[in-house]
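input.pdb (PDB, C-alpha atoms, pLDDT in the B column) appears below.
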```pdb
ATOM      1  CA  MET A   1      26.108 106.432 148.357  1.00 67.00           C
ATOM      2  CA  HIS A   2      26.701 109.093 151.037  1.00 66.00           C
ATOM      3  CA  GLU A   3      28.381 106.498 153.241  1.00 68.00           C
ATOM      4  CA  VAL A   4      30.837 105.508 150.493  1.00 75.00           C
ATOM      5  CA  TYR A   5      31.454 109.197 149.733  1.00 73.00           C
ATOM      6  CA  TYR A   6      32.388 109.908 153.345  1.00 69.00           C
ATOM      7  CA  ARG A   7      34.551 106.797 153.496  1.00 76.00           C
ATOM      8  CA  VAL A   8      36.494 108.050 150.470  1.00 77.00           C
ATOM      9  CA  LEU A   9      36.996 111.411 152.178  1.00 75.00           C
ATOM     10  CA  ILE A  10      38.173 109.662 155.355  1.00 77.00           C
ATOM     11  CA  ALA A  11      40.620 107.553 153.367  1.00 78.00           C
ATOM     12  CA  GLN A  12      41.930 110.662 151.612  1.00 77.00           C
ATOM     13  CA  ALA A  13      42.405 112.489 154.911  1.00 75.00           C
ATOM     14  CA  HIS A  14      44.114 109.417 156.388  1.00 75.00           C
ATOM     15  CA  HIS A  15      46.325 109.235 153.286  1.00 79.00           C
ATOM     16  CA  SER A  16      47.395 112.873 153.719  1.00 77.00           C
ATOM     17  CA  ALA A  17      48.066 112.378 157.424  1.00 77.00           C
ATOM     18  CA  THR A  18      50.127 109.252 156.701  1.00 79.00           C
ATOM     19  CA  GLU A  19      52.184 111.120 154.099  1.00 81.00           C
ATOM     20  CA  ALA A  20      52.865 113.817 156.692  1.00 78.00           C
ATOM     21  CA  ARG A  21      53.970 111.114 159.162  1.00 77.00           C
ATOM     22  CA  ILE A  22      56.306 109.670 156.552  1.00 80.00           C
ATOM     23  CA  ARG A  23      57.898 113.051 155.915  1.00 79.00           C
ATOM     24  CA  ALA A  24      58.295 113.601 159.658  1.00 77.00           C
ATOM     25  CA  SER A  25      59.776 110.124 160.103  1.00 75.00           C
ATOM     26  CA  GLN A  26      62.204 110.670 157.230  1.00 78.00           C
ATOM     27  CA  ASP A  27      63.386 113.960 158.715  1.00 77.00           C
ATOM     28  CA  LEU A  28      63.666 112.385 162.134  1.00 73.00           C
ATOM     29  CA  GLU A  29      65.614 109.418 160.776  1.00 72.00           C
ATOM     30  CA  SER A  30      68.069 111.697 158.972  1.00 77.00           C
ATOM     31  CA  GLU A  31      68.621 113.734 162.113  1.00 74.00           C
ATOM     32  CA  ARG A  32      69.046 110.599 164.253  1.00 70.00           C
ATOM     33  CA  ILE A  33      71.651 109.264 161.824  1.00 71.00           C
ATOM     34  CA  GLU A  34      73.609 112.505 162.109  1.00 71.00           C
ATOM     35  CA  GLN A  35      73.296 112.438 165.897  1.00 68.00           C
ATOM     36  CA  VAL A  36      74.556 108.841 165.980  1.00 63.00           C
ATOM     37  CA  LYS A  37      77.599 109.889 163.934  1.00 66.00           C
ATOM     38  CA  PHE A  38      78.421 112.661 166.395  1.00 64.00           C
ATOM     39  CA  GLY A  39      77.653 110.463 169.389  1.00 61.00           C
ATOM     40  CA  SER A  40      74.802 112.587 170.687  1.00 53.00           C
ATOM     41  CA  SER A  41      72.179 109.854 170.153  1.00 52.00           C
ATOM     42  CA  LEU A  42      72.007 106.096 170.522  1.00 56.00           C
ATOM     43  CA  GLU A  43      71.836 103.761 167.540  1.00 62.00           C
ATOM     44  CA  LEU A  44      68.732 102.176 169.062  1.00 66.00           C
ATOM     45  CA  GLU A  45      66.839 105.441 168.583  1.00 66.00           C
ATOM     46  CA  SER A  46      67.857 105.488 164.923  1.00 64.00           C
ATOM     47  CA  ILE A  47      66.540 101.931 164.505  1.00 72.00           C
ATOM     48  CA  GLU A  48      63.248 102.893 166.164  1.00 74.00           C
ATOM     49  CA  SER A  49      62.780 105.881 163.853  1.00 70.00           C
ATOM     50  CA  ARG A  50      63.492 103.661 160.838  1.00 76.00           C
ATOM     51  CA  ALA A  51      60.909 101.124 162.049  1.00 79.00           C
ATOM     52  CA  GLN A  52      58.346 103.913 162.430  1.00 76.00           C
ATOM     53  CA  LEU A  53      59.093 105.056 158.878  1.00 77.00           C
ATOM     54  CA  LEU A  54      58.606 101.558 157.461  1.00 82.00           C
ATOM     55  CA  GLN A  55      55.380 101.138 159.401  1.00 83.00           C
ATOM     56  CA  ALA A  56      54.059 104.445 158.054  1.00 81.00           C
ATOM     57  CA  LYS A  57      54.946 103.424 154.489  1.00 83.00           C
ATOM     58  CA  GLN A  58      53.132 100.118 154.925  1.00 86.00           C
ATOM     59  CA  GLU A  59      50.096 101.966 156.262  1.00 84.00           C
ATOM     60  CA  LEU A  60      50.217 104.295 153.257  1.00 83.00           C
ATOM     61  CA  LEU A  61      50.156 101.347 150.833  1.00 87.00           C
ATOM     62  CA  THR A  62      47.170  99.848 152.672  1.00 87.00           C
ATOM     63  CA  THR A  63      45.351 103.187 152.503  1.00 83.00           C
ATOM     64  CA  ASP A  64      46.086 103.458 148.768  1.00 85.00           C
ATOM     65  CA  LEU A  65      44.504 100.047 148.141  1.00 87.00           C
ATOM     66  CA  GLN A  66      41.462 100.912 150.268  1.00 84.00           C
ATOM     67  CA  LEU A  67      41.067 104.274 148.529  1.00 82.00           C
ATOM     68  CA  THR A  68      41.210 102.643 145.087  1.00 83.00           C
ATOM     69  CA  ASP A  69      38.508 100.114 146.034  1.00 85.00           C
ATOM     70  CA  LEU A  70      36.256 102.832 147.484  1.00 82.00           C
ATOM     71  CA  LYS A  71      36.563 105.007 144.379  1.00 82.00           C
ATOM     72  CA  LEU A  72      35.671 102.049 142.156  1.00 83.00           C
ATOM     73  CA  LYS A  73      32.624 101.373 144.331  1.00 83.00           C
ATOM     74  CA  LEU A  74      31.596 105.035 144.244  1.00 80.00           C
ATOM     75  CA  ASN A  75      31.898 105.120 140.436  1.00 79.00           C
ATOM     76  CA  ASP A  76      29.726 102.025 140.227  1.00 81.00           C
ATOM     77  CA  LEU A  77      27.057 103.522 142.519  1.00 79.00           C
ATOM     78  CA  MET A  78      26.945 106.752 140.480  1.00 78.00           C
ATOM     79  CA  GLY A  79      26.797 104.879 137.163  1.00 80.00           C
ATOM     80  CA  LEU A  80      30.155 106.244 135.999  1.00 78.00           C
ATOM     81  CA  PRO A  81      32.867 104.248 134.201  1.00 82.00           C
ATOM     82  CA  LEU A  82      35.025 102.453 136.730  1.00 74.00           C
ATOM     83  CA  THR A  83      38.141 104.183 135.383  1.00 77.00           C
ATOM     84  CA  THR A  84      36.747 107.673 136.055  1.00 77.00           C
ATOM     85  CA  VAL A  85      39.168 109.758 138.119  1.00 75.00           C
ATOM     86  CA  LEU A  86      37.340 111.350 141.036  1.00 71.00           C
ATOM     87  CA  ASP A  87      38.475 114.527 142.762  1.00 70.00           C
ATOM     88  CA  LEU A  88      36.176 114.879 145.751  1.00 70.00           C
ATOM     89  CA  ASP A  89      35.693 118.185 147.506  1.00 65.00           C
ATOM     90  CA  PRO A  90      35.753 117.823 151.295  1.00 58.00           C
ATOM     91  CA  VAL A  91      33.847 121.087 151.691  1.00 49.00           C
ATOM     92  CA  SER A  92      30.797 119.742 149.891  1.00 47.00           C
ATOM     93  CA  ALA A  93      30.535 116.911 152.413  1.00 44.00           C
ATOM     94  CA  GLU A  94      29.866 119.430 155.180  1.00 46.00           C
ATOM     95  CA  SER A  95      27.056 121.009 153.195  1.00 46.00           C
ATOM     96  CA  LEU A  96      25.233 117.691 152.862  1.00 49.00           C
ATOM     97  CA  GLU A  97      22.575 117.562 155.560  1.00 53.00           C
ATOM     98  CA  THR A  98      21.005 114.269 156.494  1.00 59.00           C
ATOM     99  CA  CYS A  99      17.280 114.147 157.123  1.00 66.00           C
ATOM    100  CA  PRO A 100      15.972 113.453 160.644  1.00 76.00           C
ATOM    101  CA  LEU A 101      15.613 109.781 161.475  1.00 75.00           C
ATOM    102  CA  VAL A 102      11.792 109.798 161.572  1.00 80.00           C
ATOM    103  CA  GLU A 103      11.630 111.604 158.230  1.00 82.00           C
ATOM    104  CA  CYS A 104      14.136 109.190 156.702  1.00 78.00           C
ATOM    105  CA  VAL A 105      12.060 106.194 157.814  1.00 81.00           C
ATOM    106  CA  THR A 106       8.868 107.761 156.455  1.00 84.00           C
ATOM    107  CA  THR A 107      10.475 108.567 153.109  1.00 84.00           C
ATOM    108  CA  ALA A 108      11.985 105.090 152.809  1.00 82.00           C
ATOM    109  CA  THR A 109       8.734 103.274 153.570  1.00 85.00           C
ATOM    110  CA  ALA A 110       6.830 105.539 151.167  1.00 86.00           C
ATOM    111  CA  SER A 111       9.200 105.075 148.216  1.00 84.00           C
ATOM    112  CA  HIS A 112      10.800 101.647 148.647  1.00 86.00           C
ATOM    113  CA  PRO A 113      10.087  99.597 145.465  1.00 88.00           C
ATOM    114  CA  GLU A 114       9.390  96.327 147.275  1.00 91.00           C
ATOM    115  CA  ILE A 115       7.013  98.039 149.717  1.00 91.00           C
ATOM    116  CA  LEU A 116       5.172  99.728 146.849  1.00 92.00           C
ATOM    117  CA  GLU A 117       4.818  96.361 145.117  1.00 93.00           C
ATOM    118  CA  ALA A 118       3.591  94.751 148.349  1.00 93.00           C
ATOM    119  CA  ARG A 119       0.991  97.499 148.804  1.00 93.00           C
ATOM    120  CA  ALA A 120      -0.243  96.917 145.265  1.00 94.00           C
ATOM    121  CA  GLU A 121      -0.570  93.202 146.046  1.00 94.00           C
ATOM    122  CA  VAL A 122      -2.603  94.045 149.170  1.00 94.00           C
ATOM    123  CA  ALA A 123      -4.926  96.296 147.155  1.00 95.00           C
ATOM    124  CA  LYS A 124      -5.325  93.563 144.549  1.00 93.00           C
ATOM    125  CA  ALA A 125      -6.122  90.956 147.223  1.00 93.00           C
ATOM    126  CA  GLU A 126      -8.660  93.295 148.884  1.00 93.00           C
ATOM    127  CA  ALA A 127     -10.432  93.777 145.543  1.00 94.00           C
ATOM    128  CA  ALA A 128     -10.525  89.982 145.061  1.00 91.00           C
ATOM    129  CA  VAL A 129     -12.083  89.542 148.519  1.00 92.00           C
ATOM    130  CA  ARG A 130     -14.783  92.136 147.774  1.00 91.00           C
ATOM    131  CA  LEU A 131     -15.552  90.421 144.482  1.00 89.00           C
ATOM    132  CA  ALA A 132     -15.793  87.024 146.185  1.00 88.00           C
ATOM    133  CA  LYS A 133     -18.185  88.414 148.832  1.00 87.00           C
ATOM    134  CA  THR A 134     -20.357  90.014 146.169  1.00 85.00           C
ATOM    135  CA  ASP A 135     -20.425  86.825 144.088  1.00 82.00           C
ATOM    136  CA  ILE A 136     -22.128  84.929 146.930  1.00 80.00           C
ATOM    137  CA  TRP A 137     -25.470  86.789 146.718  1.00 79.00           C
ATOM    138  CA  VAL A 138     -25.421  88.460 143.290  1.00 76.00           C
ATOM    139  CA  PRO A 139     -27.229  86.281 140.665  1.00 76.00           C
ATOM    140  CA  ASP A 140     -25.758  85.375 137.308  1.00 75.00           C
ATOM    141  CA  VAL A 141     -26.902  87.923 134.743  1.00 78.00           C
ATOM    142  CA  GLU A 142     -26.920  87.197 131.006  1.00 81.00           C
ATOM    143  CA  ALA A 143     -28.068  89.434 128.169  1.00 85.00           C
ATOM    144  CA  PHE A 144     -29.113  87.800 124.904  1.00 79.00           C
ATOM    145  CA  GLY A 145     -30.422  88.728 121.484  1.00 84.00           C
ATOM    146  CA  ARG A 146     -31.449  86.646 118.477  1.00 83.00           C
ATOM    147  CA  TYR A 147     -33.070  86.941 115.046  1.00 82.00           C
ATOM    148  CA  SER A 148     -35.857  84.501 114.045  1.00 79.00           C
ATOM    149  CA  TYR A 149     -37.644  83.589 110.793  1.00 78.00           C
ATOM    150  CA  GLN A 150     -40.900  81.555 110.542  1.00 76.00           C
ATOM    151  CA  ASN A 151     -43.662  80.901 108.015  1.00 79.00           C
ATOM    152  CA  ASN A 152     -45.873  78.357 109.856  1.00 77.00           C
ATOM    153  CA  VAL A 153     -47.913  80.716 112.030  1.00 73.00           C
ATOM    154  CA  PRO A 154     -49.941  83.097 109.930  1.00 74.00           C
ATOM    155  CA  PHE A 155     -50.554  85.614 112.708  1.00 74.00           C
ATOM    156  CA  LEU A 156     -46.840  86.260 113.375  1.00 71.00           C
ATOM    157  CA  ALA A 157     -44.362  88.142 111.320  1.00 75.00           C
ATOM    158  CA  ARG A 158     -42.048  86.038 109.305  1.00 77.00           C
ATOM    159  CA  SER A 159     -38.891  87.851 110.502  1.00 80.00           C
ATOM    160  CA  PHE A 160     -38.486  89.271 114.001  1.00 74.00           C
ATOM    161  CA  GLY A 161     -35.793  89.893 116.609  1.00 81.00           C
ATOM    162  CA  THR A 162     -35.798  88.977 120.292  1.00 82.00           C
ATOM    163  CA  PHE A 163     -33.774  90.682 123.044  1.00 84.00           C
ATOM    164  CA  GLY A 164     -33.751  90.070 126.792  1.00 85.00           C
ATOM    165  CA  ILE A 165     -31.933  89.569 130.103  1.00 86.00           C
ATOM    166  CA  HIS A 166     -31.649  86.276 131.936  1.00 77.00           C
ATOM    167  CA  LEU A 167     -31.222  86.167 135.722  1.00 76.00           C
ATOM    168  CA  GLY A 168     -30.152  82.919 137.368  1.00 74.00           C
ATOM    169  CA  TYR A 169     -29.107  81.866 140.856  1.00 70.00           C
ATOM    170  CA  ASP A 170     -27.768  78.447 141.826  1.00 73.00           C
ATOM    171  CA  LEU A 171     -28.996  77.564 145.315  1.00 72.00           C
ATOM    172  CA  PHE A 172     -26.548  74.689 145.644  1.00 74.00           C
ATOM    173  CA  ASP A 173     -23.395  76.654 144.645  1.00 74.00           C
ATOM    174  CA  GLY A 174     -22.954  78.566 147.912  1.00 70.00           C
ATOM    175  CA  GLY A 175     -20.301  76.166 149.263  1.00 80.00           C
ATOM    176  CA  ARG A 176     -18.011  76.684 146.301  1.00 81.00           C
ATOM    177  CA  LYS A 177     -18.412  80.456 146.448  1.00 81.00           C
ATOM    178  CA  ARG A 178     -17.658  80.535 150.171  1.00 86.00           C
ATOM    179  CA  SER A 179     -14.586  78.399 149.537  1.00 89.00           C
ATOM    180  CA  VAL A 180     -13.382  80.903 146.950  1.00 88.00           C
ATOM    181  CA  LYS A 181     -14.045  83.722 149.440  1.00 88.00           C
ATOM    182  CA  GLY A 182     -11.955  81.943 152.098  1.00 90.00           C
ATOM    183  CA  GLU A 183      -9.128  81.444 149.622  1.00 92.00           C
ATOM    184  CA  ARG A 184      -9.148  85.140 148.684  1.00 91.00           C
ATOM    185  CA  GLU A 185      -9.118  86.141 152.365  1.00 92.00           C
ATOM    186  CA  ALA A 186      -6.127  83.866 152.972  1.00 94.00           C
ATOM    187  CA  GLN A 187      -4.291  85.526 150.057  1.00 93.00           C
ATOM    188  CA  LEU A 188      -5.128  88.935 151.545  1.00 94.00           C
ATOM    189  CA  ALA A 189      -3.746  87.930 154.938  1.00 95.00           C
ATOM    190  CA  GLN A 190      -0.558  86.664 153.314  1.00 95.00           C
ATOM    191  CA  ALA A 191      -0.146  89.907 151.335  1.00 94.00           C
ATOM    192  CA  LYS A 192      -0.609  92.005 154.502  1.00 94.00           C
ATOM    193  CA  GLU A 193       1.919  89.868 156.362  1.00 95.00           C
ATOM    194  CA  ASN A 194       4.444  90.306 153.548  1.00 94.00           C
ATOM    195  CA  LEU A 195       3.881  94.078 153.579  1.00 93.00           C
ATOM    196  CA  ALA A 196       4.391  94.228 157.355  1.00 93.00           C
ATOM    197  CA  ARG A 197       7.599  92.184 157.078  1.00 93.00           C
ATOM    198  CA  LEU A 198       9.069  94.468 154.403  1.00 92.00           C
ATOM    199  CA  ALA A 199       8.102  97.575 156.379  1.00 90.00           C
ATOM    200  CA  ASP A 200       9.813  96.178 159.489  1.00 91.00           C
ATOM    201  CA  GLU A 201      12.968  95.411 157.506  1.00 90.00           C
ATOM    202  CA  VAL A 202      13.114  98.949 156.113  1.00 87.00           C
ATOM    203  CA  GLU A 203      12.377 100.516 159.508  1.00 85.00           C
ATOM    204  CA  LEU A 204      15.271  98.496 160.934  1.00 85.00           C
ATOM    205  CA  ALA A 205      17.693  99.160 158.066  1.00 84.00           C
ATOM    206  CA  VAL A 206      17.191 102.932 157.959  1.00 81.00           C
ATOM    207  CA  PRO A 207      18.288 103.623 161.580  1.00 81.00           C
ATOM    208  CA  THR A 208      21.287 101.342 161.062  1.00 81.00           C
ATOM    209  CA  ALA A 209      22.353 103.232 157.940  1.00 76.00           C
ATOM    210  CA  HIS A 210      21.605 106.566 159.644  1.00 73.00           C
ATOM    211  CA  ASN A 211      23.852 105.695 162.598  1.00 79.00           C
ATOM    212  CA  LYS A 212      26.597 104.510 160.253  1.00 74.00           C
ATOM    213  CA  LEU A 213      26.429 107.783 158.356  1.00 71.00           C
ATOM    214  CA  GLN A 214      26.691 109.814 161.554  1.00 73.00           C
ATOM    215  CA  ARG A 215      29.674 107.772 162.743  1.00 76.00           C
ATOM    216  CA  THR A 216      31.309 108.209 159.344  1.00 68.00           C
ATOM    217  CA  GLN A 217      30.846 111.978 159.544  1.00 67.00           C
ATOM    218  CA  GLN A 218      32.417 111.992 163.002  1.00 73.00           C
ATOM    219  CA  MET A 219      35.330 109.918 161.725  1.00 70.00           C
ATOM    220  CA  LEU A 220      35.780 112.358 158.853  1.00 65.00           C
ATOM    221  CA  THR A 221      35.922 115.268 161.291  1.00 72.00           C
ATOM    222  CA  CYS A 222      38.518 113.444 163.403  1.00 72.00           C
ATOM    223  CA  ARG A 223      40.620 112.643 160.341  1.00 63.00           C
ATOM    224  CA  LYS A 224      40.535 116.284 159.263  1.00 64.00           C
ATOM    225  CA  ARG A 225      41.715 117.397 162.697  1.00 70.00           C
ATOM    226  CA  LEU A 226      44.459 114.788 162.611  1.00 64.00           C
ATOM    227  CA  TRP A 227      45.536 116.005 159.181  1.00 60.00           C
ATOM    228  CA  LEU A 228      45.604 119.616 160.417  1.00 63.00           C
ATOM    229  CA  CYS A 229      47.704 118.587 163.409  1.00 64.00           C
ATOM    230  CA  ALA A 230      50.252 116.732 161.248  1.00 55.00           C
ATOM    231  CA  PRO A 231      52.450 119.815 160.489  1.00 53.00           C
ATOM    232  CA  SER A 232      52.596 120.661 164.208  1.00 54.00           C
ATOM    233  CA  ARG A 233      53.633 117.108 165.029  1.00 51.00           C
ATOM    234  CA  THR A 234      56.350 117.289 162.386  1.00 49.00           C
ATOM    235  CA  ALA A 235      57.698 120.511 163.860  1.00 48.00           C
ATOM    236  CA  CYS A 236      57.645 119.064 167.385  1.00 50.00           C
ATOM    237  CA  CYS A 237      59.526 115.941 166.294  1.00 47.00           C
ATOM    238  CA  SER A 238      62.188 118.010 164.555  1.00 46.00           C
ATOM    239  CA  LYS A 239      62.536 120.292 167.575  1.00 47.00           C
ATOM    240  CA  ASN A 240      62.879 117.408 170.018  1.00 48.00           C
ATOM    241  CA  SER A 241      65.390 115.620 167.820  1.00 44.00           C
ATOM    242  CA  CYS A 242      67.498 118.755 167.537  1.00 43.00           C
ATOM    243  CA  LYS A 243      67.708 119.059 171.338  1.00 46.00           C
ATOM    244  CA  GLY A 244      69.140 115.577 171.688  1.00 46.00           C
ATOM    245  CA  PRO A 245      69.271 113.554 174.898  1.00 44.00           C
ATOM    246  CA  ARG A 246      69.956 115.246 178.202  1.00 40.00           C
TER     247      ARG A 246
END
```

Let me see the structure of the file written as structure tokens.
Amino acid sequence: MHEVYYRVLIAQAHHSATEARIRASQDLESERIEQVKFGSSLELESIESRAQLLQAKQELLTTDLQLTDLKLKLNDLMGLPLTTVLDLDPVSAESLETCPLVECVTTATASHPEILEARAEVAKAEAAVRLAKTDIWVPDVEAFGRYSYQNNVPFLARSFGTFGIHLGYDLFDGGRKRSVKGEREAQLAQAKENLARLADEVELAVPTAHNKLQRTQQMLTCRKRLWLCAPSRTACCSKNSCKGPR
């Protein structure tokens, strides 16, 4: 979102600078026309100033289209209606501080949804492996209880209850249990590999986005300086056009 925000600010600064160029070109064209009438300037110079004006107007239209697309994208990222009119403050962009690269990578790997899901899958697979290892040597345990009634044996009570625990171990079932253990270990290895792959992707994407953000901030600073220099350029063009050719 920060990248789109800075791109909007850059487009706005470029739009302002282009408008200043158009005003300077219009003034220059008017002065060149007057100079051509009085013979103090060549008609070729008037044609060149008109071409520069048309080029600046075309650049302004392109910037308008780019600015509209960026604002729609920014509205979508912020969850606002696409028709929301945004008035961005360039000053607030300077107050936004980006985190150091190492901290950004750590935060991203600790909070990325896919990485969190992959870690949960690894924990689940590790628990399945521990259960499979335990199942190899732990016997089957069953608890039972029943109620009986008899009247054939005179020395026993007619009604009585029986409770107990049954322990059983199948000596010939070790192969199946080891096969299950191997399957669980394979699932664990696959889950760890998936986690490592996602972590590598995030660790690669974060520096790329961080570098893009820094370049965008530098571009924004350059556009601001260009916009601040636009009035001076306009004054210089008017001054040079007033002097005329030597």

Result set of the PyMOL selection byres ((chain A and resi 74) around 12) on the coordinates above, as a ChimeraX atom specification: /A:1-9,67-73,75-88

Polymer residues at most 9 Å from Asp135 in chain A, all atoms listed in the file, same-chain spacing of 4 or more positions, as a compact mmCIF listing (two decimals) with C-alpha atoms, keeping the file's coordinate frame:
```txt
# COMPACT_ATOMS: atom_id res chain seq x y z
CA ARG A 130 -14.78 92.14 147.77
CA LEU A 131 -15.55 90.42 144.48
CA PRO A 139 -27.23 86.28 140.66
CA ASP A 140 -25.76 85.38 137.31
CA LYS A 177 -18.41 80.46 146.45
CA LYS A 181 -14.04 83.72 149.44
```

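Residues matched by the PyMOL selection byres ((chain A and resi 138) around 12) in this file are A:Leu131, A:Ala132, A:Lys133, A:Thr134, A:Asp135, A:Ile136, A:Trp137, A:Pro139, A:Asp140, A:Val141, A:Leu167, A:Gly168, A:Tyr169, A:Asp170, A:Leu171, A:Gly174, A:Lys177.
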
Output check: residues returned by the PyMOL selection byres ((chain A and resi 142) around 6), as a list in words: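 That expression, the PyMOL selection byres ((chain A and resi 142) around 6), corresponds here to Val141, Ala143, Ile165 and His166 of chain A.
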
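Computed from the coordinates, the CA of Val180 in chain A to CA of Ala123 in chain A distance equals 17.6 Å.
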
Best match for closeness to Ala196 in chain A among A:Phe172, A:Ile115, A:Pro154, A:Ala128, counting all atoms listed in the file: A:Ile115

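Going from CA of Ser49 in chain A to CA of Cys222 in chain A covers 25.4 Å.
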
Interatomic distance, CA of Gly145 in chain A to CA of Phe163 in chain A (Å, one decimal): 4.2 Å

Close residues, Leu116 in chain A itself excluded, 12 Å, only C-alpha atoms, min 4 positions apart in chain, as a VMD selection string: chain A and resid 108 to 112 120 to 123 194 to 196 198 to 199

Enclose all atoms of range 100-116 of chain A listed in the file in an axis-aligned box, grow every side by 5 Å, and hand back centre and edge lengths in Å to one decimal, as JSON.
```
{"center_x": 10.6, "center_y": 104.9, "center_z": 153.5, "size_x": 20.8, "size_y": 27.1, "size_z": 26.1}
```

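Closest approach to Ala24 in chain A among A:Leu65, A:Ala118, A:Ala189, A:Leu53 is made by A:Leu53 (distances from all atoms listed in the file).
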
Selected residue of minimal separation from Val129 in chain A among A:Leu188, A:Leu61, A:Ala209, A:Leu204, counting all atoms listed in the file: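 The closest residue to Val129 in chain A is A:Leu188.
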
A:Met219, A:Leu60, A:Val105, A:Ile22 ranked by distance to Val202 in chain A, top pick (using all atoms listed in the file):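 Nearest candidate to Val202 in chain A out of A:Met219, A:Leu60, A:Val105, A:Ile22: A:Val105.
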
Distance query Ala56 in chain A at most 12 Å, all atoms listed in the file, self and fewer than 3 positions along chain excluded, as a PyMOL selection string: chain A and resi 14-26+49-53+59-63

Since fewer atoms than expected are present, regenerate N, CA, C and O atoms for range 135-147 of chain A and write them as a CSV table (one decimal), in the coordinates of the input.
```csv
chain,number,residue,atom,x,y,z
A,135,ASP,N,-20.0,87.9,144.9
A,135,ASP,CA,-20.4,86.8,144.1
A,135,ASP,C,-21.3,85.8,144.8
A,135,ASP,O,-22.0,85.0,144.2
A,136,ILE,N,-21.3,85.9,146.2
A,136,ILE,CA,-22.1,84.9,146.9
A,136,ILE,C,-23.6,85.2,146.7
A,136,ILE,O,-24.4,84.3,146.6
A,137,TRP,N,-24.0,86.5,146.8
A,137,TRP,CA,-25.5,86.8,146.7
A,137,TRP,C,-25.9,87.4,145.4
A,137,TRP,O,-27.1,87.5,145.2
A,138,VAL,N,-25.0,87.9,144.6
A,138,VAL,CA,-25.4,88.5,143.3
A,138,VAL,C,-25.7,87.3,142.3
A,138,VAL,O,-24.9,86.4,142.1
A,139,PRO,N,-26.9,87.3,141.6
A,139,PRO,CA,-27.2,86.3,140.7
A,139,PRO,C,-26.4,86.4,139.4
A,139,PRO,O,-25.9,87.5,139.1
A,140,ASP,N,-26.4,85.3,138.6
A,140,ASP,CA,-25.8,85.4,137.3
A,140,ASP,C,-26.7,86.1,136.3
A,140,ASP,O,-27.8,85.8,136.2
A,141,VAL,N,-26.1,87.1,135.7
A,141,VAL,CA,-26.9,87.9,134.7
A,141,VAL,C,-26.4,87.7,133.3
A,141,VAL,O,-25.2,87.8,133.1
A,142,GLU,N,-27.3,87.4,132.4
A,142,GLU,CA,-26.9,87.2,131.0
A,142,GLU,C,-27.8,88.0,130.1
A,142,GLU,O,-29.1,88.0,130.3
A,143,ALA,N,-27.3,88.7,129.2
A,143,ALA,CA,-28.1,89.4,128.2
A,143,ALA,C,-28.0,88.7,126.9
A,143,ALA,O,-26.9,88.2,126.5
A,144,PHE,N,-29.1,88.6,126.2
A,144,PHE,CA,-29.1,87.8,124.9
A,144,PHE,C,-29.9,88.6,123.8
A,144,PHE,O,-30.7,89.4,124.1
A,145,GLY,N,-29.7,88.2,122.6
A,145,GLY,CA,-30.4,88.7,121.5
A,145,GLY,C,-30.3,87.7,120.3
A,145,GLY,O,-29.3,87.1,120.1
A,146,ARG,N,-31.5,87.6,119.6
A,146,ARG,CA,-31.4,86.6,118.5
A,146,ARG,C,-32.4,87.1,117.4
A,146,ARG,O,-33.3,87.9,117.7
A,147,TYR,N,-32.2,86.6,116.2
A,147,TYR,CA,-33.1,86.9,115.0
A,147,TYR,C,-33.8,85.7,114.6
A,147,TYR,O,-33.1,84.6,114.4
```
